[in-house]
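Take a look at the structure set out below.
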Amino acid sequence: MKKIQIIVFFLSSVCSSFGQTPEPPRLVVGIVVDQMRMEYLYRFESKFGEGGFKRLMGEGFTLANAHYNYVPTYTGPGHASIYTGATPAIHGIIGNEYYDKITRKTVNCVEDSLYKPVGSLTANGKISPSRLLSTTVTDELKISTQFRAKVVSMSIKDRGAVLPGGHHPDGAFWYDGKSGQFMTSTYYMMQVPSWVQAFNDRKMPDQFLLQVWKPLLPIEQYTESGPDESPYERRLVGKPSSAFPYILPELRARNGNYDLLSLTPFANDLLTEFALAAVRGEQMGADATPDFLCISYSTPDLIGHAAGPQSVEVEDTYLRLDRNVQQLLSALDKAVGVGKYTVFLTADHGVAEVPQYLKDKSMPGGLLSTEKLRADLVDFLKPYFPGRQLIANVSNEQVFFEQEGFSNDLKTAGVDLLIASQLTGNFLMTQEGVYNFYTESTLRQGSFSEGGIRGMVIRGFHPKRSGDIAYVLQPGWFSGSWPQGTTHQSPWTYDTHIPILFFGAGIRKGSSAGYAAITDIAPTLALLLKTKFPSGMTGQPVIEALGEK
Ligand SMILES: [Zn+2]
């Protein structure tokens, strides 16, 4: 009842701020930048042009204190949460890969053996959104327009395209690193549309891979980043230093051929061109029925993992991405019309500092090897449960018990589980870097709106899919064992604080430093598009962003 009243209030205040029923935008463009911290918009701001990120912020509405409101902060869960307005506890995307309790195998969040690749014969295209358990804002747009609205989704990564597109898009396309082509699966279509074929026939990846990645500006101007030669960066195979330039023709053969493109900003150029080809090819935004284009730039994540957030590579990637955004906006101005389309820009998660970098600066941080943790846990439990194998899997900072490892006697099986859970928790708390642990039963009983770290674990914990025990590492720590590079997954702010920018039709100019959750994007778009809310939605619309300029 309370929630209904709140929504009625929101709807009435939005309607009054709109005045008379405003026209929905002709096109919504969702831009997800994989691994983009909010901080980057400030750190690199002085080097951005006027028509890219600065235009989005200057003319649109900026949420400066927007966060992921759950753990784990990964790409699959992030994209699902942006578009469903729900969290993994509801939409079910609990990791990029996760241990599936039913098949007892690790599965990819978009894998589906019912389907086959389309558009590339070389790649694994057994892909669909079947594991996504809520509708998306793109699904709701389809339903509300009797499927007349066009929805097209694209990314370098398969999951970056599949989850935003929802369950019934006109197309979801991702990059095949084996063939250098954009592809899809038989879930969506039996052959790629002619505009995709024509785009693939241009063989742009071959052109890009003849190039050399050099910094856009003279290297001494990258004062917002650390030294170009750095001990914290993972190097490409066959590259003697971590510094520029990246001579792609020399690196291609030993670094995955077409996959190498994804590790350079040229993949952002490629995806931008592909997006504009989609606008033309599908005539998106051409009539009064709103269309939805979902773009997910994966490359900032791939470069960020290898080089870390203080690298010249990351800064250069964002300076170039700023130009991609500018190119996109000016093309949409022409194709759809200024003020006739709406853009939002966000990220699927942030990123941690490189742990060794933190240590070298006397700051807290470190690495905890999941493989070693698992082996030590198995040894620890052995004397308590002689002859029994209790641990099925440790992944995504969750422990899954082998259900058959417990007694078959119904009276003792539950007791065994409680004892094993408590012992596992005790063990975890002896490990350097572990902050806390949470058993399945406490998470199931917890409140969805609970604050603090436990609340974030609850919102990321799916009652059927997640493990028996979740644990969280201390700030600055992550699961891994690599001396260079970095990652993300935690509930801490470096992983949760991301930009949410709204721009264009129906969006007010302004900004807010009030707390906003990633789950607030989808309900905001649903109000703008006048659709019903996604089926599992838990967020709230950002009403201060909506209205006349
Ligand atoms: Zn990543």
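Ordering of the structure tokens sets the chain letters (A, B, ...), residue numbers begin anew at 1 in every chain, and ligands are numbered from 1 in the order given.
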* Hey, what does DSSP flag as strand (DSSP E) within stretch 394-521 of chain A? Can you give it to me as a ChimeraX atom specification? -> /A:394-395,398-401,434-439,469-473,477-479,497-504,510-512,516-517
Report the closest atom pair, with its distance in Å rounded to one decimal, for each residue of chain A that has an atom no farther than 12 Å from ligand 1; count only C-alpha atoms and all ligand atoms, sort by chain and then rising residue number, and write it as a tab-separated table.
residue	atom	partner	partner_atom_place_in_ligand_line	distance
A:Val33	CA	ligand 1	1 (Zn)	10.8
A:Asp34	CA	ligand 1	1 (Zn)	7.1
A:Gln35	CA	ligand 1	1 (Zn)	6.2
A:Met36	CA	ligand 1	1 (Zn)	10.1
A:Pro72	CA	ligand 1	1 (Zn)	11.5
A:Thr73	CA	ligand 1	1 (Zn)	9.0
A:Tyr74	CA	ligand 1	1 (Zn)	6.5
A:Thr75	CA	ligand 1	1 (Zn)	6.3
A:Gly76	CA	ligand 1	1 (Zn)	9.7
A:Pro77	CA	ligand 1	1 (Zn)	11.5
A:Gly78	CA	ligand 1	1 (Zn)	10.6
A:Gly95	CA	ligand 1	1 (Zn)	11.3
A:Asn96	CA	ligand 1	1 (Zn)	9.5
A:Lys157	CA	ligand 1	1 (Zn)	10.7
A:Arg159	CA	ligand 1	1 (Zn)	11.9
A:Gly160	CA	ligand 1	1 (Zn)	11.3
A:Tyr297	CA	ligand 1	1 (Zn)	11.6
A:Ser298	CA	ligand 1	1 (Zn)	8.5
A:Thr299	CA	ligand 1	1 (Zn)	9.5
A:Pro300	CA	ligand 1	1 (Zn)	8.8
A:Asp301	CA	ligand 1	1 (Zn)	5.0
A:Leu302	CA	ligand 1	1 (Zn)	6.5
A:Ile303	CA	ligand 1	1 (Zn)	9.2
A:Gly304	CA	ligand 1	1 (Zn)	7.8
A:His305	CA	ligand 1	1 (Zn)	6.4
A:Ala306	CA	ligand 1	1 (Zn)	9.8
A:Gly308	CA	ligand 1	1 (Zn)	11.1
A:Ala347	CA	ligand 1	1 (Zn)	10.9
A:Asp348	CA	ligand 1	1 (Zn)	8.9
A:His349	CA	ligand 1	1 (Zn)	8.0
A:Gly350	CA	ligand 1	1 (Zn)	8.6
A:Val351	CA	ligand 1	1 (Zn)	7.9
A:Ala352	CA	ligand 1	1 (Zn)	10.4
A:Gly485	CA	ligand 1	1 (Zn)	11.0
A:Thr486	CA	ligand 1	1 (Zn)	8.8
A:Thr487	CA	ligand 1	1 (Zn)	6.0
A:His488	CA	ligand 1	1 (Zn)	6.4
A:Gln489	CA	ligand 1	1 (Zn)	8.5
A:Ser490	CA	ligand 1	1 (Zn)	11.9
A:Asp495	CA	ligand 1	1 (Zn)	10.4
With N, CA and C atoms kept, could you save the residues just selected as a compact mmCIF listing (two decimals), in the first residue's frame?
# COMPACT_ATOMS: atom_id res chain seq x y z
N VAL A 33 28.98 2.07 -20.12
CA VAL A 33 30.43 2.00 -20.27
C VAL A 33 30.95 1.02 -19.22
N ASP A 34 31.49 -0.08 -19.70
CA ASP A 34 31.90 -1.17 -18.83
C ASP A 34 33.10 -0.73 -17.97
N GLN A 35 32.91 -0.71 -16.67
CA GLN A 35 33.96 -0.38 -15.68
C GLN A 35 34.19 1.13 -15.50
N MET A 36 33.23 1.98 -15.83
CA MET A 36 33.45 3.43 -15.71
C MET A 36 33.10 3.93 -14.31
N PRO A 72 27.33 -9.03 -6.03
CA PRO A 72 28.60 -8.69 -6.66
C PRO A 72 28.46 -7.70 -7.82
N THR A 73 29.44 -6.79 -7.92
CA THR A 73 29.46 -5.77 -8.97
C THR A 73 30.23 -6.30 -10.18
N TYR A 74 29.48 -7.02 -11.01
CA TYR A 74 30.02 -7.61 -12.25
C TYR A 74 29.21 -7.13 -13.44
N THR A 75 29.73 -7.43 -14.63
CA THR A 75 29.10 -6.99 -15.89
C THR A 75 27.70 -7.56 -16.11
N GLY A 76 27.55 -8.87 -15.96
CA GLY A 76 26.23 -9.49 -16.20
C GLY A 76 25.18 -8.95 -15.24
N PRO A 77 25.43 -9.06 -13.93
CA PRO A 77 24.47 -8.49 -12.97
C PRO A 77 24.23 -6.99 -13.20
N GLY A 78 25.28 -6.25 -13.54
CA GLY A 78 25.15 -4.80 -13.75
C GLY A 78 24.21 -4.47 -14.89
N GLY A 95 26.07 -13.58 -11.40
CA GLY A 95 27.49 -13.49 -11.75
C GLY A 95 27.62 -13.53 -13.25
N ASN A 96 28.83 -13.26 -13.76
CA ASN A 96 29.06 -13.48 -15.20
C ASN A 96 29.03 -14.97 -15.48
N LYS A 157 30.94 -7.53 -25.82
CA LYS A 157 30.67 -8.76 -25.07
C LYS A 157 29.25 -9.26 -25.32
N ARG A 159 27.17 -10.78 -23.18
CA ARG A 159 26.24 -10.43 -22.09
C ARG A 159 25.89 -8.94 -22.09
N GLY A 160 26.81 -8.11 -22.59
CA GLY A 160 26.55 -6.66 -22.67
C GLY A 160 25.47 -6.32 -23.68
N TYR A 297 29.73 -0.37 -24.24
CA TYR A 297 31.15 -0.30 -24.60
C TYR A 297 31.96 -1.17 -23.64
N SER A 298 32.40 -2.33 -24.11
CA SER A 298 33.11 -3.29 -23.24
C SER A 298 34.58 -2.97 -23.06
N THR A 299 35.16 -2.32 -24.06
CA THR A 299 36.61 -2.15 -24.09
C THR A 299 37.20 -1.41 -22.88
N PRO A 300 36.54 -0.37 -22.35
CA PRO A 300 37.11 0.28 -21.16
C PRO A 300 37.35 -0.72 -20.02
N ASP A 301 36.51 -1.76 -19.94
CA ASP A 301 36.70 -2.79 -18.90
C ASP A 301 37.93 -3.62 -19.19
N LEU A 302 38.08 -4.02 -20.45
CA LEU A 302 39.20 -4.91 -20.80
C LEU A 302 40.53 -4.18 -20.62
N ILE A 303 40.56 -2.91 -21.02
CA ILE A 303 41.79 -2.12 -20.83
C ILE A 303 41.99 -1.83 -19.35
N GLY A 304 40.91 -1.53 -18.65
CA GLY A 304 40.99 -1.23 -17.22
C GLY A 304 41.51 -2.41 -16.40
N HIS A 305 41.05 -3.62 -16.72
CA HIS A 305 41.54 -4.80 -16.01
C HIS A 305 43.05 -4.95 -16.18
N ALA A 306 43.52 -4.73 -17.40
CA ALA A 306 44.94 -4.98 -17.69
C ALA A 306 45.83 -3.86 -17.16
N GLY A 308 44.79 -0.91 -15.18
CA GLY A 308 44.46 -0.28 -13.91
C GLY A 308 44.02 1.16 -14.06
N ALA A 347 27.32 2.94 -16.00
CA ALA A 347 28.34 1.88 -16.05
C ALA A 347 27.80 0.66 -15.33
N ASP A 348 28.40 -0.50 -15.62
CA ASP A 348 27.93 -1.74 -15.01
C ASP A 348 28.62 -2.03 -13.68
N HIS A 349 29.64 -1.25 -13.36
CA HIS A 349 30.39 -1.36 -12.09
C HIS A 349 31.58 -0.42 -12.20
N GLY A 350 32.27 -0.19 -11.09
CA GLY A 350 33.51 0.57 -11.12
C GLY A 350 34.70 -0.39 -11.14
N VAL A 351 35.75 -0.02 -10.39
CA VAL A 351 36.95 -0.88 -10.38
C VAL A 351 37.82 -0.55 -9.17
N ALA A 352 38.54 -1.56 -8.71
CA ALA A 352 39.47 -1.39 -7.58
C ALA A 352 40.81 -0.86 -8.08
N GLY A 485 47.46 -5.63 -12.83
CA GLY A 485 46.07 -5.49 -13.25
C GLY A 485 45.14 -5.47 -12.04
N THR A 486 43.84 -5.39 -12.33
CA THR A 486 42.87 -5.22 -11.25
C THR A 486 41.53 -5.82 -11.63
N THR A 487 40.55 -5.71 -10.73
CA THR A 487 39.21 -6.19 -11.03
C THR A 487 38.16 -5.47 -10.16
N HIS A 488 36.97 -6.02 -10.13
CA HIS A 488 35.81 -5.43 -9.45
C HIS A 488 34.92 -6.57 -9.01
N GLN A 489 34.12 -6.36 -8.03
CA GLN A 489 33.12 -7.34 -7.55
C GLN A 489 32.54 -6.92 -6.22
N SER A 490 33.21 -5.98 -5.52
CA SER A 490 32.96 -5.74 -4.10
C SER A 490 31.75 -4.82 -3.86
N ASP A 495 33.88 0.29 -6.40
CA ASP A 495 33.19 -0.60 -7.34
C ASP A 495 31.73 -0.20 -7.57
* To do: Within 8 Å of A:Gly506, counting only C-alpha atoms, which residues show up once you throw out same-chain ones fewer than 3 positions away? Write them as a list of chain:residue names, please.
  =>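 The contact residues come out as A:Pro22, A:Pro24, A:Pro25, A:Thr342, A:Leu528, A:Leu546, A:Gly547, A:Glu548, A:Lys549.
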Mind writing the picked residues with N, CA and C atoms as a PDB file, in the first residue's frame?
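Saved to part.pdb:
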ATOM      1  N   PRO A  22       3.151  14.956 -22.296  1.00  0.00           N
ATOM      2  CA  PRO A  22       4.226  15.193 -23.263  1.00  0.00           C
ATOM      3  C   PRO A  22       4.424  13.990 -24.161  1.00  0.00           C
ATOM      4  N   PRO A  24       6.420  11.070 -25.664  1.00  0.00           N
ATOM      5  CA  PRO A  24       7.638  10.327 -25.303  1.00  0.00           C
ATOM      6  C   PRO A  24       8.719  10.556 -26.368  1.00  0.00           C
ATOM      7  N   PRO A  25       9.974  10.321 -26.026  1.00  0.00           N
ATOM      8  CA  PRO A  25      11.037  10.476 -27.040  1.00  0.00           C
ATOM      9  C   PRO A  25      10.836   9.503 -28.189  1.00  0.00           C
ATOM     10  N   THR A 342      16.324  10.669 -26.267  1.00  0.00           N
ATOM     11  CA  THR A 342      16.823  10.708 -24.891  1.00  0.00           C
ATOM     12  C   THR A 342      18.010   9.751 -24.779  1.00  0.00           C
ATOM     13  N   LEU A 528       9.163   7.975 -18.526  1.00  0.00           N
ATOM     14  CA  LEU A 528       9.398   8.770 -19.727  1.00  0.00           C
ATOM     15  C   LEU A 528       8.694   8.152 -20.935  1.00  0.00           C
ATOM     16  N   LEU A 546      13.163  14.486 -14.530  1.00  0.00           N
ATOM     17  CA  LEU A 546      12.158  14.499 -15.583  1.00  0.00           C
ATOM     18  C   LEU A 546      11.453  15.849 -15.658  1.00  0.00           C
ATOM     19  N   GLY A 547      11.123  16.266 -16.865  1.00  0.00           N
ATOM     20  CA  GLY A 547      10.372  17.505 -17.036  1.00  0.00           C
ATOM     21  C   GLY A 547      10.971  18.357 -18.126  1.00  0.00           C
ATOM     22  N   GLU A 548      10.438  19.585 -18.232  1.00  0.00           N
ATOM     23  CA  GLU A 548      10.945  20.506 -19.255  1.00  0.00           C
ATOM     24  C   GLU A 548      12.336  20.952 -18.845  1.00  0.00           C
ATOM     25  N   LYS A 549      13.114  21.359 -19.798  1.00  0.00           N
ATOM     26  CA  LYS A 549      14.487  21.814 -19.537  1.00  0.00           C
ATOM     27  C   LYS A 549      14.545  22.942 -18.524  1.00  0.00           C
TER      28      LYS A 549
END
* To do: Give me the residues within 10 Å of A:Ala277 as a ChimeraX atom specification, counting only C-alpha atoms and dropping any in the same chain fewer than 5 places off.
  => /A:195-196,198-199,271-272,282-283
* **All residues 12 Å or closer to A:Glu23, only C-alpha atoms, same chain fewer than 5 positions away omitted, as a ChimeraX atom specification** => /A:15,18,287-290,339-342,505-506,527-530,547-548
Produce a file of the selected residues containing N, CA and C atoms, as a short mmCIF file (atom, residue, chain, number, x, y, z; two decimals), in the first residue's frame.
data_model
loop_
_atom_site.label_atom_id
_atom_site.label_comp_id
_atom_site.auth_asym_id
_atom_site.auth_seq_id
_atom_site.Cartn_x
_atom_site.Cartn_y
_atom_site.Cartn_z
N CYS A 15 3.58 14.12 -13.87
CA CYS A 15 2.61 14.63 -14.83
C CYS A 15 2.46 16.14 -14.69
N PHE A 18 5.42 17.86 -16.11
CA PHE A 18 5.39 17.80 -17.57
C PHE A 18 4.38 18.79 -18.15
N ASP A 287 9.77 7.38 -36.46
CA ASP A 287 8.34 7.72 -36.31
C ASP A 287 8.00 7.95 -34.84
N ALA A 288 6.72 8.20 -34.56
CA ALA A 288 6.33 8.61 -33.21
C ALA A 288 6.39 7.45 -32.20
N THR A 289 6.42 6.21 -32.67
CA THR A 289 6.57 5.08 -31.74
C THR A 289 8.01 5.05 -31.24
N PRO A 290 8.20 5.14 -29.92
CA PRO A 290 9.59 5.19 -29.42
C PRO A 290 10.36 3.90 -29.74
N GLY A 339 16.61 17.20 -29.34
CA GLY A 339 15.47 17.23 -28.41
C GLY A 339 14.41 16.18 -28.68
N LYS A 340 14.65 15.33 -29.65
CA LYS A 340 13.64 14.29 -29.95
C LYS A 340 14.06 12.91 -29.46
N TYR A 341 15.27 12.83 -28.96
CA TYR A 341 15.74 11.54 -28.44
C TYR A 341 16.29 11.75 -27.02
N THR A 342 16.32 10.67 -26.27
CA THR A 342 16.82 10.71 -24.89
C THR A 342 18.01 9.75 -24.78
N ALA A 505 15.32 14.52 -24.70
CA ALA A 505 13.88 14.68 -24.63
C ALA A 505 13.34 14.27 -23.26
N GLY A 506 12.57 15.16 -22.63
CA GLY A 506 11.91 14.86 -21.37
C GLY A 506 12.82 14.98 -20.15
N LEU A 527 8.70 5.79 -16.86
CA LEU A 527 7.83 6.98 -16.78
C LEU A 527 7.94 7.81 -18.06
N LEU A 528 9.16 7.97 -18.53
CA LEU A 528 9.40 8.77 -19.73
C LEU A 528 8.69 8.15 -20.94
N LEU A 529 8.75 6.82 -21.01
CA LEU A 529 8.19 6.11 -22.16
C LEU A 529 6.72 5.75 -21.96
N LYS A 530 6.21 6.04 -20.73
CA LYS A 530 4.81 5.76 -20.40
C LYS A 530 4.48 4.27 -20.53
N GLY A 547 11.12 16.27 -16.86
CA GLY A 547 10.37 17.51 -17.04
C GLY A 547 10.97 18.36 -18.13
N GLU A 548 10.44 19.59 -18.23
CA GLU A 548 10.94 20.51 -19.26
C GLU A 548 12.34 20.95 -18.84
#
Nearby residues (only C-alpha atoms) at most 9 Å from stretch 52-62 of chain A, same-chain spacing under 4 positions excluded, as a PDB file with C-alpha atoms, in the first residue's frame:
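Full text of around_34.pdb as output:
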ATOM      1  CA  LEU A  41      34.297  12.246 -15.396  1.00  0.00           C
ATOM      2  CA  GLU A  45      37.217  16.563 -17.413  1.00  0.00           C
ATOM      3  CA  PHE A  48      37.208  16.373 -22.682  1.00  0.00           C
ATOM      4  CA  LEU A 321      35.384   7.538 -25.836  1.00  0.00           C
ATOM      5  CA  ASP A 322      34.447  11.193 -25.276  1.00  0.00           C
ATOM      6  CA  ARG A 323      34.874  11.654 -29.029  1.00  0.00           C
ATOM      7  CA  ASN A 324      32.743   8.562 -29.702  1.00  0.00           C
ATOM      8  CA  VAL A 325      29.960  10.047 -27.554  1.00  0.00           C
ATOM      9  CA  GLN A 326      30.270  13.338 -29.437  1.00  0.00           C
ATOM     10  CA  GLN A 327      30.081  11.504 -32.777  1.00  0.00           C
ATOM     11  CA  LEU A 328      27.018   9.587 -31.596  1.00  0.00           C
ATOM     12  CA  LEU A 329      25.196  12.686 -30.347  1.00  0.00           C
ATOM     13  CA  VAL A 343      20.197   9.335 -23.835  1.00  0.00           C
ATOM     14  CA  PHE A 344      21.260   7.818 -20.576  1.00  0.00           C
ATOM     15  CA  LEU A 345      24.842   6.915 -19.762  1.00  0.00           C
ATOM     16  CA  PRO A 499      27.790   7.881 -13.343  1.00  0.00           C
ATOM     17  CA  ILE A 500      24.106   8.113 -14.162  1.00  0.00           C
ATOM     18  CA  LEU A 501      23.574  10.839 -16.770  1.00  0.00           C
ATOM     19  CA  PHE A 502      20.242  11.569 -18.442  1.00  0.00           C
ATOM     20  CA  PHE A 503      20.062  13.830 -21.497  1.00  0.00           C
ATOM     21  CA  GLY A 504      17.626  15.000 -24.156  1.00  0.00           C
ATOM     22  CA  ILE A 507      15.029  15.502 -19.252  1.00  0.00           C
ATOM     23  CA  ARG A 508      15.589  18.552 -17.092  1.00  0.00           C
ATOM     24  CA  LYS A 509      18.933  20.305 -16.904  1.00  0.00           C
ATOM     25  CA  GLY A 510      20.546  19.911 -13.493  1.00  0.00           C
ATOM     26  CA  SER A 511      22.285  17.616 -11.093  1.00  0.00           C
ATOM     27  CA  SER A 512      21.805  15.964  -7.752  1.00  0.00           C
ATOM     28  CA  ALA A 513      24.258  14.711  -5.150  1.00  0.00           C
ATOM     29  CA  GLU A 544      13.803  15.494 -10.393  1.00  0.00           C
ATOM     30  CA  ALA A 545      15.462  14.519 -13.698  1.00  0.00           C
ATOM     31  CA  LEU A 546      12.158  14.499 -15.583  1.00  0.00           C
ATOM     32  CA  LYS A 549      14.487  21.814 -19.537  1.00  0.00           C
TER      33      LYS A 549
END
* What is the atom CA of A:Pro129 to atom CA of A:Ala517 distance in Å? ->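 Separating atom CA of A:Pro129 from atom CA of A:Ala517 is a distance of 23.4 Å.
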* Residues within 8 Å of stretch 231-246 of chain A, only C-alpha atoms, excluding chain neighbours under 3 positions, as a list in words ->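 Close residues of stretch 231-246 of chain A: Val212, Trp213, Lys214, Pro215, Asp228, Leu251, Arg254, Asn255, Ala306, Ala307, Gly308, Ser311, Val354, Gln356, Tyr357, Pro483, Gln484 and Gly485 of chain A.
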* **Nearest to A:Asp376 by atom-to-atom distance, counting only C-alpha atoms, from A:Asp112, A:Gln431, A:Asp360, A:Glu450** =>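 Comparing A:Asp112, A:Gln431, A:Asp360, A:Glu450 against A:Asp376, the winner is A:Gln431.
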* **Using only C-alpha atoms: which of A:Glu220, A:Glu273, A:Glu432, A:Glu140 has the shortest distance to A:Phe182** =>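 Closest residue, counting only C-alpha atoms: A:Glu273.
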* Which one is closest to A:Val279: A:Arg388, A:Lys105, A:Arg26, A:Lys464? Count only C-alpha atoms. ->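 Nearest to A:Val279: A:Arg26.
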* Asked: What separation in Å, quoted to one decimal, exists between atom CA of A:Leu373 and atom CA of A:Tyr438?
  ->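 These two atoms are separated by 16.5 Å.
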* To do: Mind the document's chain letters and residue numbers, and return as number ranges by chain the residues of stretch 121-195 of chain A that DSSP labels alpha helix (DSSP H).
  => A: 137-144, 158-165, 194-195
